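Q: Okay, handing you the structure first.
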Amino acid sequence: MHSGGHAVSRFGATILDAEGLRLTAEEKALFAEYDPFGFILFARNIDTPDQVRALCSEMRAAVGREAPILIDQEGGRVQRLRPPRWCAWLPPLEHVAAAGDGAEEAMYLRYRLIAHELREIGIDSNCAPLVDVAREETHDFLKNRCYGFDAETVARLGRAVVDGMLDGGVLPVVKHIPGHGLALVDSHEELPVAEVSHEELSAVDFAPFKALNDLPMGMTAHVVYSALDNLPATTSHTVMKCIRDEIGFSGLIMTDDISMKALHGSLTDITRDALAAGCDVILHCNGTLDERRAVAEAAETLSNAGQARAESALEARRTPDEVDIHAMEAKLEALMNGRDHGG
């Protein structure tokens, strides 16, 4: 059980967010009490570089350690840092198409530059690569966020994304494990059901995750795989076992945001069901202070295995390699014929 605010040997089994540009006194107290493993930022938390740095410092001070701070900076529609202070990026699928034969190098450079922007303001983890394999019928909320339409291409470009971020000192979070490309509806609004055989799942959707099963952290898909279970992956012990055993993913597994409408039930029940299924950490976003408290209370602390995976993930953080950022920007611009990277 939670120790009621005293020091604990294990992190809280949550990743939480903040309401605004700086922490409130109530948020500082909540984070100090429950010691979430990490934090995540959204557009509402972003104003100026100095402000973001200050917010990150407040978050880490609240838990008394260098907690990971995550963000969704994929590019395209899903980018929390935007012009004029930060770069604009094409949606990944469009970027890959524009780069043509140079896609692998372009994706490396893109995410190495993104990592540079993140580290400069105190953020050290990005919820990427997204290695869901797109289909023509994939829902629009996801489709142009993907890297391609076949597993080999997606895995290869996913590895380039990983290398770019790790070289830039940013931890990757591979998503949405074990594969979201079969979604015909938006999981922010309703629960997708993937009605294909286990054989097709293994050959296509699971394949990029198997190729990247050495990554430090992964994020679940709120998707039902009818060949495996009638529960969404996030709360399915069967699917989580498949992720560990068949896909071979040994890193820390966080849920996708449990406040998304794909999941049904109270936040407390979803939290407990996801942890019982085998998730390590609960990602809860866009809630009230009371909702964050309820999730943190229900999640308690990481399991022994989860704590070991969390510590291993944190040990994967690197000091950024020394590079000439301006030269790297010029190289990407030349590669893309000036069609992608903007100031």
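Identifiers for the structure tokens are assigned positionally: chains receive A, B, ... in sequence, residues are indexed from 1 per chain, and ligands are indexed from 1 in the order shown.
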Just list the residues in segment 20-150 of chain A DSSP gives helix (DSSP H, G or I) on the backbone, as number ranges by chain.
A: A: 25-34, 43-45, 49-63, 92-120, 140-143
Q: Please identify all polymer residues within 9 Å of Pro68 of chain A, counting only C-alpha atoms, omitting same-chain residues fewer than 2 positions from it, and present them as a list in words.
A: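 Counting only the stated atoms, we get Phe37, Gly38, Phe39, Ile40, Arg60, Glu66, Leu70, Ile123, Asp124, Ser125, Leu171 and Leu314 of chain A.
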Q: Rounded to one decimal in Å, what is the spacing between atom CA of Met219 of chain A and atom CA of Ala32 of chain A?
A: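 Distance between the two atoms: 24.8 Å.
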Q: Which residues are close to Met217 of chain A, i.e. within 12 Å by only C-alpha atoms, leaving aside same-chain residues fewer than 5 positions away? Reply as a ChimeraX atom specification.
A: /A:68,70,125-129,162,170-177,209,212,249-255,279-281,306,309-317
Q: Can I get the selected residues back with C-alpha atoms, as a tab-separated table (two decimals), in the first residue's frame?
A:
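The resulting file, part07.tsv, is reproduced below:
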chain	number	residue	atom	x	y	z
A	68	PRO	CA	11.37	11.49	-16.97
A	70	LEU	CA	7.42	12.99	-21.75
A	125	SER	CA	11.34	11.45	-23.46
A	126	ASN	CA	9.21	11.49	-26.61
A	127	CYS	CA	6.23	9.25	-27.31
A	128	ALA	CA	7.67	7.93	-30.57
A	129	PRO	CA	8.35	5.94	-32.69
A	162	VAL	CA	14.88	5.61	-32.17
A	170	VAL	CA	15.80	11.55	-25.48
A	171	LEU	CA	14.18	8.28	-24.44
A	172	PRO	CA	11.83	6.74	-27.04
A	173	VAL	CA	8.43	5.28	-26.19
A	174	VAL	CA	7.39	2.82	-28.91
A	175	LYS	CA	3.66	2.83	-29.62
A	176	HIS	CA	0.96	1.55	-29.87
A	177	ILE	CA	1.94	-1.96	-28.87
A	209	PHE	CA	7.36	-4.21	-32.32
A	212	LEU	CA	12.12	-2.99	-31.70
A	249	PHE	CA	9.13	-6.80	-25.39
A	250	SER	CA	10.97	-6.56	-22.07
A	251	GLY	CA	10.82	-2.81	-21.43
A	252	LEU	CA	8.52	-0.74	-19.24
A	253	ILE	CA	4.94	-0.79	-20.53
A	254	MET	CA	2.72	2.22	-19.95
A	255	THR	CA	-0.91	2.44	-20.92
A	279	CYS	CA	0.91	-2.95	-17.58
A	280	ASP	CA	3.60	-1.37	-15.42
A	281	VAL	CA	2.53	2.27	-15.42
A	306	GLY	CA	8.03	-2.80	-12.94
A	309	ARG	CA	12.11	-2.05	-15.78
A	310	ALA	CA	11.67	1.62	-14.83
A	311	GLU	CA	15.21	1.85	-13.49
A	312	SER	CA	16.53	0.13	-16.61
A	313	ALA	CA	14.66	2.63	-18.80
A	314	LEU	CA	16.14	5.56	-16.89
A	315	GLU	CA	19.62	4.08	-17.24
A	316	ALA	CA	19.13	4.21	-21.04
A	317	ARG	CA	19.15	8.03	-20.92
Q: Which of these, A:Ala151, A:Leu130, A:Ala296, A:Ile114, has the shortest distance to Pro208 of chain A once you count only C-alpha atoms?
A: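 With only C-alpha atoms as the atom set, the closest residue is A:Ala151.
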Q: Using DSSP assignments from the backbone, pull out every residue in segment 52-214 of chain A that falls under strand (DSSP E) and give it to me as number ranges by chain.
A: A: 69-71, 73-75, 78-79, 125-126, 171-172, 174-177, 193-194
Q: Could you please determine the separation between atom CA of Val133 of chain A and atom CA of Cys242 of chain A in Å, to one decimal place?
A: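 Going from atom CA of Val133 of chain A over to atom CA of Cys242 of chain A covers 18.0 Å.
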Q: Calculate how many Å separate atom CA of Arg53 of chain A from atom CA of Ile258 of chain A, rounding to one decimal.
A: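 Those two atoms sit 26.8 Å apart.
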Q: From the list A:Arg65, A:Arg77, A:Arg292, A:Arg85, which residue is nearest Thr268 of chain A when using only C-alpha atoms?
A: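 Of all the options, A:Arg292 lies closest to Thr268 of chain A.
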Q: Which residues, written as a short mmCIF file (atom, residue, chain, number, x, y, z; two decimals) with all heavy atoms, in the first residue's frame, have at least one atom at most 7 Å from Val131 of chain A, with only C-alpha atoms counted and residues fewer than 3 positions away on the same chain left out?
A:
data_model
loop_
_atom_site.label_atom_id
_atom_site.label_comp_id
_atom_site.auth_asym_id
_atom_site.auth_seq_id
_atom_site.Cartn_x
_atom_site.Cartn_y
_atom_site.Cartn_z
N CYS A 146 1.57 7.34 -39.25
CA CYS A 146 2.33 6.10 -39.47
C CYS A 146 3.51 6.37 -40.41
O CYS A 146 3.60 7.41 -41.05
CB CYS A 146 1.42 5.03 -40.06
SG CYS A 146 0.05 4.55 -38.98
N TYR A 147 4.40 5.37 -40.50
CA TYR A 147 5.60 5.52 -41.33
C TYR A 147 5.51 4.74 -42.64
O TYR A 147 6.39 4.88 -43.50
CB TYR A 147 6.84 5.04 -40.57
CG TYR A 147 7.07 5.68 -39.23
CD1 TYR A 147 7.90 5.08 -38.29
CD2 TYR A 147 6.49 6.91 -38.89
CE1 TYR A 147 8.14 5.67 -37.05
CE2 TYR A 147 6.70 7.50 -37.66
CZ TYR A 147 7.53 6.88 -36.74
OH TYR A 147 7.76 7.45 -35.52
N VAL A 154 8.21 -0.02 -41.89
CA VAL A 154 7.87 0.62 -40.62
C VAL A 154 8.94 0.33 -39.57
O VAL A 154 9.38 1.22 -38.84
CB VAL A 154 6.47 0.17 -40.15
CG1 VAL A 154 6.20 0.62 -38.73
CG2 VAL A 154 5.39 0.70 -41.09
N ALA A 155 9.39 -0.92 -39.50
CA ALA A 155 10.42 -1.28 -38.52
C ALA A 155 11.74 -0.56 -38.80
O ALA A 155 12.40 -0.06 -37.89
CB ALA A 155 10.63 -2.79 -38.52
N GLY A 158 11.28 3.06 -38.01
CA GLY A 158 11.15 3.18 -36.56
C GLY A 158 12.50 3.14 -35.88
O GLY A 158 12.77 3.89 -34.93
N LYS A 175 5.11 2.94 -29.74
CA LYS A 175 3.66 2.83 -29.62
C LYS A 175 3.06 2.45 -30.98
O LYS A 175 3.73 2.57 -32.01
CB LYS A 175 3.05 4.13 -29.12
CG LYS A 175 3.25 5.36 -30.03
CD LYS A 175 2.76 6.62 -29.36
CE LYS A 175 2.88 7.80 -30.29
NZ LYS A 175 2.53 9.08 -29.64
N PRO A 208 6.87 -5.03 -36.43
CA PRO A 208 7.75 -3.91 -36.08
C PRO A 208 8.07 -3.84 -34.59
O PRO A 208 9.18 -3.44 -34.21
CB PRO A 208 6.96 -2.68 -36.53
CG PRO A 208 5.99 -3.19 -37.54
CD PRO A 208 5.62 -4.57 -37.08
#
Q: Within 6 Å of Ala233 of chain A, counting only C-alpha atoms, which residues show up once you throw out same-chain ones fewer than 2 positions away? Write them as a list in words, please.
A: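 In the requested format, the answer is His222, Val223, Thr235, Ser236 and Val239 of chain A.
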Q: Can I get the selected residues back with N, CA and C atoms, as a short mmCIF file (atom, residue, chain, number, x, y, z; two decimals), in the first residue's frame?
A:
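See selection_36.cif below for the written result:
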data_model
loop_
_atom_site.label_atom_id
_atom_site.label_comp_id
_atom_site.auth_asym_id
_atom_site.auth_seq_id
_atom_site.Cartn_x
_atom_site.Cartn_y
_atom_site.Cartn_z
N HIS A 222 -5.26 0.90 -27.20
CA HIS A 222 -6.62 0.64 -26.73
C HIS A 222 -7.40 0.02 -27.90
N VAL A 223 -7.07 -1.21 -28.20
CA VAL A 223 -7.66 -1.93 -29.33
C VAL A 223 -7.99 -3.35 -28.89
N THR A 235 -6.12 -3.72 -21.03
CA THR A 235 -6.66 -4.41 -19.86
C THR A 235 -6.76 -5.92 -20.06
N SER A 236 -6.07 -6.44 -21.06
CA SER A 236 -6.13 -7.87 -21.38
C SER A 236 -4.86 -8.58 -20.93
N VAL A 239 -3.39 -10.45 -24.02
CA VAL A 239 -2.63 -9.64 -24.97
C VAL A 239 -1.31 -9.19 -24.34
#
Q: Considering only C-alpha atoms, can you say which of A:Gln79, A:Asn286, A:Gln307, A:Thr301 comes closest to Gly20 of chain A?
A: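 Nearest candidate to Gly20 of chain A out of A:Gln79, A:Asn286, A:Gln307, A:Thr301: A:Asn286.
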Q: If we count only C-alpha atoms and set the cut-off at 12 Å, which residues sit around Ala25 of chain A, ignoring sequence neighbours fewer than 4 positions away in its own chain? Please answer as a ChimeraX atom specification.
A: /A:18-19,29-32,58-59,62,289
Q: I'd like the neighbourhood of Ile270 of chain A as an MDAnalysis selection string, where a residue qualifies if any of its atoms comes within 10 Å (using only C-alpha atoms), though same-chain residues fewer than 2 positions away should be ignored.
A: chainID A and resid 234:235 258:259 263:268 272:276 282 295 298:299
Q: When you count only C-alpha atoms, which of these residues is closest to Thr288 of chain A: A:Leu21, A:Glu26, A:Ser226, A:Ala203?
A: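 Among the listed residues, the smallest separation from Thr288 of chain A belongs to A:Glu26.
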